[in-house]
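model.cif (mmCIF, C-alpha atoms) appears below.
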data_input
#
loop_
_atom_site.label_atom_id
_atom_site.label_comp_id
_atom_site.auth_asym_id
_atom_site.auth_seq_id
_atom_site.Cartn_x
_atom_site.Cartn_y
_atom_site.Cartn_z
CA MET Q 1 -4.04 26.36 -2.32
CA THR Q 2 -1.61 23.68 -3.40
CA ASN Q 3 -0.91 20.92 -0.95
CA ASN Q 4 2.02 19.28 -2.78
CA PHE Q 5 0.66 15.77 -2.50
CA VAL Q 6 3.29 13.28 -3.62
CA PHE Q 7 2.81 9.52 -3.85
CA LYS Q 8 5.90 7.61 -4.94
CA THR Q 9 6.28 3.87 -5.13
CA ASP Q 10 9.46 1.87 -5.08
CA LEU Q 11 8.29 -1.70 -5.47
CA ALA Q 12 11.79 -3.15 -5.66
CA ALA Q 13 12.54 -1.63 -2.23
CA LYS Q 14 9.03 -2.56 -1.02
CA LYS Q 15 8.39 1.06 -0.09
CA ILE Q 16 5.71 3.65 -0.72
CA HIS Q 17 6.42 7.31 0.07
CA VAL Q 18 3.61 9.76 0.67
CA THR Q 19 4.13 13.47 1.26
CA ARG Q 20 1.52 16.15 1.91
CA GLU Q 21 1.35 19.71 3.21
CA PHE Q 22 -1.36 20.92 5.55
CA ASN Q 23 -2.43 24.49 6.06
CA ALA Q 24 -2.40 24.20 9.84
CA PRO Q 25 0.18 24.49 12.61
CA ILE Q 26 2.06 21.34 13.52
CA GLU Q 27 0.37 21.11 16.96
CA LYS Q 28 -3.02 20.67 15.32
CA VAL Q 29 -1.78 18.17 12.75
CA TRP Q 30 -0.12 16.18 15.52
CA ARG Q 31 -3.38 16.12 17.51
CA ALA Q 32 -5.35 14.96 14.46
CA TRP Q 33 -2.85 12.13 14.05
CA THR Q 34 -2.79 10.99 17.67
CA GLU Q 35 -6.17 11.66 19.34
CA PRO Q 36 -8.67 8.88 18.65
CA ALA Q 37 -11.71 11.17 18.47
CA LEU Q 38 -9.97 13.18 15.74
CA LEU Q 39 -8.47 10.19 13.94
CA GLU Q 40 -11.94 8.66 13.67
CA LYS Q 41 -13.02 11.66 11.63
CA TRP Q 42 -10.54 11.25 8.83
CA VAL Q 43 -9.08 7.73 8.61
CA VAL Q 44 -12.24 6.24 7.18
CA LEU Q 45 -13.99 7.64 4.19
CA LYS Q 46 -17.47 8.95 3.66
CA HIS Q 47 -20.34 6.66 4.69
CA TRP Q 48 -17.99 4.53 6.77
CA SER Q 49 -17.36 5.05 10.45
CA ALA Q 50 -14.44 4.30 12.71
CA ILE Q 51 -14.68 2.83 16.20
CA THR Q 52 -11.56 2.98 18.33
CA GLN Q 53 -11.17 -0.08 20.51
CA ILE Q 54 -7.69 0.63 21.90
CA MET Q 55 -5.53 3.72 21.61
CA ASP Q 56 -2.43 3.53 23.76
CA PHE Q 57 -0.20 6.18 22.27
CA THR Q 58 3.04 5.08 23.89
CA VAL Q 59 6.02 3.15 22.55
CA GLY Q 60 4.89 -0.50 22.58
CA GLY Q 61 1.26 0.62 22.84
CA VAL Q 62 -1.44 -0.53 20.45
CA TRP Q 63 -3.95 1.27 18.24
CA LEU Q 64 -6.86 -0.95 17.27
CA TYR Q 65 -9.88 0.37 15.45
CA ALA Q 66 -12.68 -0.96 13.31
CA MET Q 67 -13.64 0.51 9.99
CA VAL Q 68 -17.37 -0.03 9.82
CA SER Q 69 -18.91 -0.28 6.38
CA PRO Q 70 -22.30 1.27 5.55
CA ASP Q 71 -23.88 -2.19 5.95
CA GLY Q 72 -22.35 -2.60 9.41
CA GLN Q 73 -19.42 -4.91 8.64
CA LYS Q 74 -16.32 -4.37 10.72
CA HIS Q 75 -12.82 -4.44 9.30
CA TRP Q 76 -10.20 -4.27 12.01
CA VAL Q 77 -6.97 -2.33 11.72
CA TRP Q 78 -4.17 -3.04 14.19
CA ALA Q 79 -0.92 -1.16 14.72
CA GLN Q 80 1.71 -1.05 17.43
CA PHE Q 81 3.78 2.07 18.07
CA THR Q 82 7.50 1.35 17.84
CA ALA Q 83 8.86 4.89 18.20
CA ILE Q 84 7.38 8.26 19.12
CA ASP Q 85 9.17 11.59 19.10
CA ASN Q 86 6.61 14.09 20.35
CA GLY Q 87 5.54 16.49 17.65
CA SER Q 88 7.82 15.08 14.97
CA LEU Q 89 7.80 11.30 14.47
CA ILE Q 90 5.50 8.31 14.77
CA SER Q 91 6.71 4.82 13.82
CA SER Q 92 4.41 1.86 13.85
CA MET Q 93 4.11 -1.74 12.80
CA GLY Q 94 0.86 -2.93 11.27
CA ALA Q 95 -0.60 -6.41 10.97
CA PHE Q 96 -3.77 -7.88 9.55
CA CYS Q 97 -6.53 -8.90 11.94
CA ASP Q 98 -9.02 -11.72 12.18
CA GLY Q 99 -12.75 -10.95 12.30
CA GLU Q 100 -12.63 -10.24 16.04
CA GLY Q 101 -9.82 -7.71 15.90
CA ASN Q 102 -7.04 -10.05 17.00
CA PRO Q 103 -3.81 -9.24 15.17
CA LEU Q 104 -2.32 -12.04 13.06
CA LEU Q 105 1.19 -11.55 14.33
CA ASP Q 106 2.62 -14.52 12.44
CA GLY Q 107 1.35 -13.02 9.21
CA PRO Q 108 2.87 -10.32 7.05
CA LYS Q 109 3.50 -6.92 8.55
CA SER Q 110 3.96 -3.43 7.28
CA TYR Q 111 5.93 -0.60 8.85
CA ARG Q 112 5.13 3.07 8.73
CA ASP Q 113 7.28 6.06 9.62
CA THR Q 114 5.47 9.38 9.69
CA ARG Q 115 7.47 12.58 10.08
CA PHE Q 116 6.04 16.02 10.80
CA SER Q 117 7.85 19.27 10.09
CA VAL Q 118 7.04 22.97 10.20
CA ILE Q 119 7.07 24.79 6.88
CA GLU Q 120 6.58 28.48 6.19
CA GLY Q 121 6.15 29.15 9.91
CA ASN Q 122 2.56 28.01 10.37
CA LYS Q 123 2.07 25.12 7.96
CA THR Q 124 2.97 21.46 8.34
CA GLN Q 125 4.56 18.93 6.06
CA VAL Q 126 3.95 15.23 6.64
CA ASP Q 127 6.27 12.62 5.13
CA MET Q 128 5.25 9.01 5.39
CA THR Q 129 7.12 5.88 4.36
CA ILE Q 130 5.28 2.58 4.28
CA THR Q 131 7.52 -0.48 4.08
CA PHE Q 132 6.27 -3.98 3.42
CA GLU Q 133 8.14 -6.59 5.43
CA GLU Q 134 7.90 -9.32 2.87
CA GLU Q 135 7.32 -8.94 -0.77
CA SER Q 136 4.19 -11.02 -0.48
CA THR Q 137 2.73 -8.42 1.89
CA LEU Q 138 1.96 -6.22 -1.04
CA GLN Q 139 -0.20 -8.99 -2.39
CA MET Q 140 -1.81 -9.46 1.01
CA PHE Q 141 -2.67 -5.80 1.12
CA VAL Q 142 -4.43 -6.15 -2.17
CA GLU Q 143 -6.31 -9.30 -1.32
CA GLY Q 144 -6.92 -8.53 2.32
CA GLY Q 145 -7.18 -5.36 4.29
CA PHE Q 146 -7.18 -2.87 1.53
CA LYS Q 147 -9.95 -4.26 -0.60
CA GLU Q 148 -12.40 -2.39 1.58
CA GLY Q 149 -10.34 0.74 1.34
CA ILE Q 150 -10.24 0.38 -2.39
CA SER Q 151 -13.93 -0.24 -2.83
CA MET Q 152 -14.90 2.62 -0.57
CA THR Q 153 -12.51 4.91 -2.34
CA LEU Q 154 -14.03 3.97 -5.64
CA THR Q 155 -17.55 4.59 -4.35
CA LEU Q 156 -16.42 7.98 -3.18
CA LEU Q 157 -14.79 8.65 -6.50
CA ASP Q 158 -17.97 7.72 -8.35
CA GLU Q 159 -19.94 10.16 -6.25
CA LEU Q 160 -17.36 12.84 -6.75
CA LEU Q 161 -17.47 12.41 -10.50
CA ALA Q 162 -21.26 12.34 -10.48
CA SER Q 163 -21.47 15.60 -8.58
CA GLU Q 164 -19.17 17.47 -10.90
CA MET U 1 -3.04 -21.87 -6.00
CA ARG U 2 -4.19 -18.61 -7.45
CA ARG U 3 -1.64 -16.77 -9.55
CA ASP U 4 -1.68 -13.07 -10.14
CA ILE U 5 0.56 -10.20 -11.00
CA PHE U 6 1.47 -9.52 -7.38
CA GLN U 7 2.92 -12.95 -7.07
CA ALA U 8 4.86 -12.35 -10.25
CA ILE U 9 6.59 -9.26 -8.88
CA ALA U 10 6.99 -10.62 -5.35
CA ASP U 11 10.38 -12.16 -6.08
CA PRO U 12 13.56 -10.30 -7.08
CA THR U 13 14.65 -12.96 -9.58
CA ARG U 14 11.25 -12.84 -11.25
CA ARG U 15 11.46 -9.07 -11.46
CA ALA U 16 14.87 -9.44 -13.08
CA ILE U 17 13.49 -11.95 -15.59
CA LEU U 18 10.64 -9.56 -16.40
CA GLY U 19 13.13 -6.73 -16.88
CA LEU U 20 15.10 -8.87 -19.28
CA LEU U 21 12.11 -10.03 -21.31
CA ALA U 22 10.71 -6.52 -21.46
CA LEU U 23 13.62 -5.80 -23.80
CA GLY U 24 12.63 -8.61 -26.17
CA PRO U 25 11.47 -12.23 -26.35
CA MET U 26 13.94 -14.97 -25.35
CA THR U 27 14.18 -18.73 -25.02
CA PRO U 28 14.36 -20.15 -21.47
CA ASN U 29 17.97 -21.13 -22.05
CA ALA U 30 18.93 -17.62 -23.08
CA VAL U 31 17.20 -16.26 -19.97
CA ALA U 32 19.00 -18.75 -17.70
CA GLU U 33 22.38 -17.66 -19.05
CA HIS U 34 21.83 -14.27 -17.40
CA PHE U 35 21.57 -15.78 -13.93
CA ASP U 36 23.82 -17.76 -11.60
CA SER U 37 20.86 -19.80 -10.35
CA ALA U 38 20.30 -23.36 -11.55
CA ARG U 39 18.49 -23.64 -14.85
CA GLN U 40 15.66 -25.48 -13.09
CA THR U 41 15.16 -22.58 -10.68
CA ILE U 42 14.89 -20.19 -13.60
CA SER U 43 12.41 -22.44 -15.42
CA LYS U 44 10.29 -22.56 -12.28
CA HIS U 45 10.25 -18.75 -12.16
CA ILE U 46 9.36 -18.60 -15.85
CA GLN U 47 6.56 -21.08 -15.23
CA ILE U 48 5.14 -18.94 -12.41
CA LEU U 49 5.39 -15.81 -14.54
CA THR U 50 3.54 -17.60 -17.34
CA GLU U 51 0.83 -18.74 -14.92
CA CYS U 52 0.54 -15.13 -13.78
CA GLU U 53 0.04 -14.28 -17.48
CA VAL U 54 2.76 -11.69 -17.40
CA LEU U 55 4.67 -13.87 -19.88
CA THR U 56 3.28 -15.61 -22.92
CA GLN U 57 4.83 -18.47 -24.88
CA LYS U 58 5.26 -18.48 -28.63
CA LYS U 59 6.75 -21.27 -30.63
CA THR U 60 9.17 -20.26 -33.35
CA GLY U 61 10.51 -23.28 -35.21
CA ARG U 62 11.62 -25.73 -32.57
CA GLU U 63 12.24 -23.09 -29.92
CA ILE U 64 9.78 -21.67 -27.42
CA TYR U 65 10.15 -17.93 -26.90
CA TYR U 66 8.79 -16.09 -23.89
CA HIS U 67 7.24 -12.68 -24.47
CA PHE U 68 6.59 -10.00 -21.88
CA ASN U 69 2.90 -9.03 -21.57
CA PRO U 70 2.82 -5.36 -20.51
CA GLU U 71 -1.00 -5.29 -20.26
CA LYS U 72 -0.82 -7.55 -17.23
CA MET U 73 1.59 -5.24 -15.43
CA LYS U 74 -1.00 -2.49 -15.57
CA GLU U 75 -2.93 -4.26 -12.81
CA VAL U 76 -0.25 -3.13 -10.37
CA ASP U 77 -0.64 0.44 -11.56
CA VAL U 78 -4.38 0.23 -11.10
CA TRP U 79 -4.02 -0.97 -7.53
CA LEU U 80 -1.37 1.59 -6.63
CA GLU U 81 -3.51 4.31 -8.15
CA ARG U 82 -6.39 3.27 -5.89
CA PHE U 83 -4.11 3.21 -2.87
CA ARG U 84 -2.88 6.69 -3.81
CA LYS U 85 -6.47 7.86 -4.19
CA MET U 86 -7.33 6.50 -0.75
CA TRP U 87 -4.61 8.58 0.88
CA GLU U 88 -5.58 11.62 -1.13
CA GLU U 89 -9.18 11.34 0.05
CA ARG U 90 -8.13 10.80 3.66
CA PHE U 91 -5.96 13.90 3.55
CA GLU U 92 -8.79 15.97 2.13
CA GLN U 93 -10.90 14.93 5.11
CA LEU U 94 -8.01 15.84 7.36
CA ASP U 95 -7.88 19.30 5.75
CA ASP U 96 -11.53 19.82 6.70
CA LEU U 97 -10.92 18.59 10.21
CA LEU U 98 -7.91 20.89 10.69
CA ASN U 99 -9.99 23.84 9.51
CA ASP U 100 -12.48 23.17 12.29
CA LEU U 101 -9.95 22.52 15.06
#

Rewrite the structure of this file - the entire thing - as structure tokens.
Amino acid sequence: MTNNFVFKTDLAAKKIHVTREFNAPIEKVWRAWTEPALLEKWVVLKHWSAITQIMDFTVGGVWLYAMVSPDGQKHWVWAQFTAIDNGSLISSMGAFCDGEGNPLLDGPKSYRDTRFSVIEGNKTQVDMTITFEEESTLQMFVEGGFKEGISMTLTLLDELLASE
Amino acid sequence: MRRDIFQAIADPTRRAILGLLALGPMTPNAVAEHFDSARQTISKHIQILTECEVLTQKKTGREIYYHFNPEKMKEVDVWLERFRKMWEERFEQLDDLLNDL
């Protein structure tokens, strides 16, 4: 099955677009995107675990979770919902956190719009746009929060290649 | 202060300078002629780009020419590729989850 994964970057506009199709009805995809117990199963990669600290899925509400590395280190991820259209749109603002999970609200932020639409009757298309507030945020993402994501992705990739 | 490629591309004027020098080496004066900004501002940008190693200097006669270093730009590609991979892996996990829901 093809899933039409598209990852497009527009650095000049400080935007990254990600599109993907899922072979599941929109209700299920929406649940997987909004219920903490389900989110924990897919937002962190193999060998890592996610612990949800706060999940207030309302406009103005906060989602705070820790990505826990195999050696027990916590990396906090903070986002605040800025718009919700049930079953079709989630907008949020993300900020980096200190070691205790407090958001660094004076620091750089990123914004994410995620749209859900029905395709072919029983499948779902997800379109996501990530916008970096300042141009330096891109650099922050590299040096800060995403290093872990990168290293864990690479570990996973190594394993994947080894098993093939 | 640490300089890297992300700092180089973090500014629109610097991106424009890179775009210009990608077409061929130029002297700082020739670069400055393409911009309305003060010459000093442009030299500062060129200095940062050089510290980020995305530009290299070569002396030809009495003039210093700045050359674009495409190898350095590849670092951005590498990072974006990893970011892409991260989302791809997440979505594969989501596929599995949706199958079980």

Each residue of chain U lying at most 12 Å from chain Q should get a row with its shortest atom-to-atom pair and the distance in Å to one decimal, counting all atoms listed in the file; could you produce that, ordered by chain and increasing number, as CSV?
residue,atom,partner,partner_atom,distance
U:Arg2,CA,Q:Glu143,CA,11.3
U:Arg3,CA,Q:Gln139,CA,10.7
U:Asp4,CA,Q:Gln139,CA,8.9
U:Ile5,CA,Q:Gln139,CA,8.7
U:Phe6,CA,Q:Gln139,CA,5.3
U:Gln7,CA,Q:Gln139,CA,6.9
U:Ala8,CA,Q:Ser136,CA,9.9
U:Ile9,CA,Q:Glu135,CA,8.1
U:Ala10,CA,Q:Glu135,CA,4.9
U:Asp11,CA,Q:Glu135,CA,6.9
U:Pro12,CA,Q:Ala12,CA,7.5
U:Thr13,CA,Q:Ala12,CA,10.9
U:Arg14,CA,Q:Ala12,CA,11.2
U:Arg15,CA,Q:Ala12,CA,8.3
U:Ala16,CA,Q:Ala12,CA,10.2
U:Gly19,CA,Q:Ala12,CA,11.9
U:Glu75,CA,Q:Val142,CA,10.9
U:Val76,CA,Q:Val142,CA,9.7
U:Asp77,CA,Q:Thr9,CA,10.0
U:Val78,CA,Q:Ile150,CA,10.5
U:Trp79,CA,Q:Val142,CA,7.5
U:Leu80,CA,Q:Thr9,CA,8.1
U:Glu81,CA,Q:Phe7,CA,9.3
U:Arg82,CA,Q:Ile150,CA,6.0
U:Phe83,CA,Q:Ile150,CA,6.8
U:Arg84,CA,Q:Phe7,CA,6.4
U:Lys85,CA,Q:Thr153,CA,7.0
U:Met86,CA,Q:Thr153,CA,5.6
U:Trp87,CA,Q:Val18,CA,8.3
U:Glu88,CA,Q:Phe5,CA,7.6
U:Glu89,CA,Q:Leu45,CA,7.3
U:Arg90,CA,Q:Trp42,CA,5.7
U:Phe91,CA,Q:Trp42,CA,7.5
U:Glu92,CA,Q:Trp42,CA,8.4
U:Gln93,CA,Q:Trp42,CA,5.2
U:Leu94,CA,Q:Trp42,CA,5.4
U:Asp95,CA,Q:Phe22,CA,6.7
U:Asp96,CA,Q:Trp42,CA,8.9
U:Leu97,CA,Q:Lys41,CA,7.4
U:Leu98,CA,Q:Ala24,CA,6.5
U:Asn99,CA,Q:Ala24,CA,7.6
U:Asp100,CA,Q:Lys28,CA,10.2
U:Leu101,CA,Q:Lys28,CA,7.2

Please work out which residues fall within 12 Å of (10.3, -7.1, -28.4), coordinates as given in the file, with all atoms listed in the file counting, and return them as number ranges by chain.
-> U: 19-26, 65-70

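Under the PyMOL selection byres ((chain Q and resi 106-115) around 6), the matching residues in the shown file are Ser88, Leu89, Ile90, Ser91, Ser92, Met93, Gly94, Ala95, Leu104, Leu105, Phe116, Val126, Asp127, Met128, Thr129, Ile130, Thr131, Phe132, Glu133 and Thr137 of chain Q.
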
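Here atom CA of Phe57 of chain Q stands at a distance of 26.0 Å from atom CA of Gln73 of chain Q.
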
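Distance annotation: of Q:Ser49, Q:Thr58, Q:Thr34, Q:Asn102, the residue with the minimal separation from Gly87 of chain Q is Q:Thr34; atom set is all atoms listed in the file.
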
Taking (-3.9, -17.3, -19.3) in the file's own coordinates, collect the residues within 12 Å, counting all atoms listed in the file, and hand them back as a PyMOL selection string.
-> chain U and resi 2-5+47-57+69+72

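Counting from atom CA of Ser69 of chain Q, the distance to atom CA of Phe81 of chain Q is 25.6 Å.
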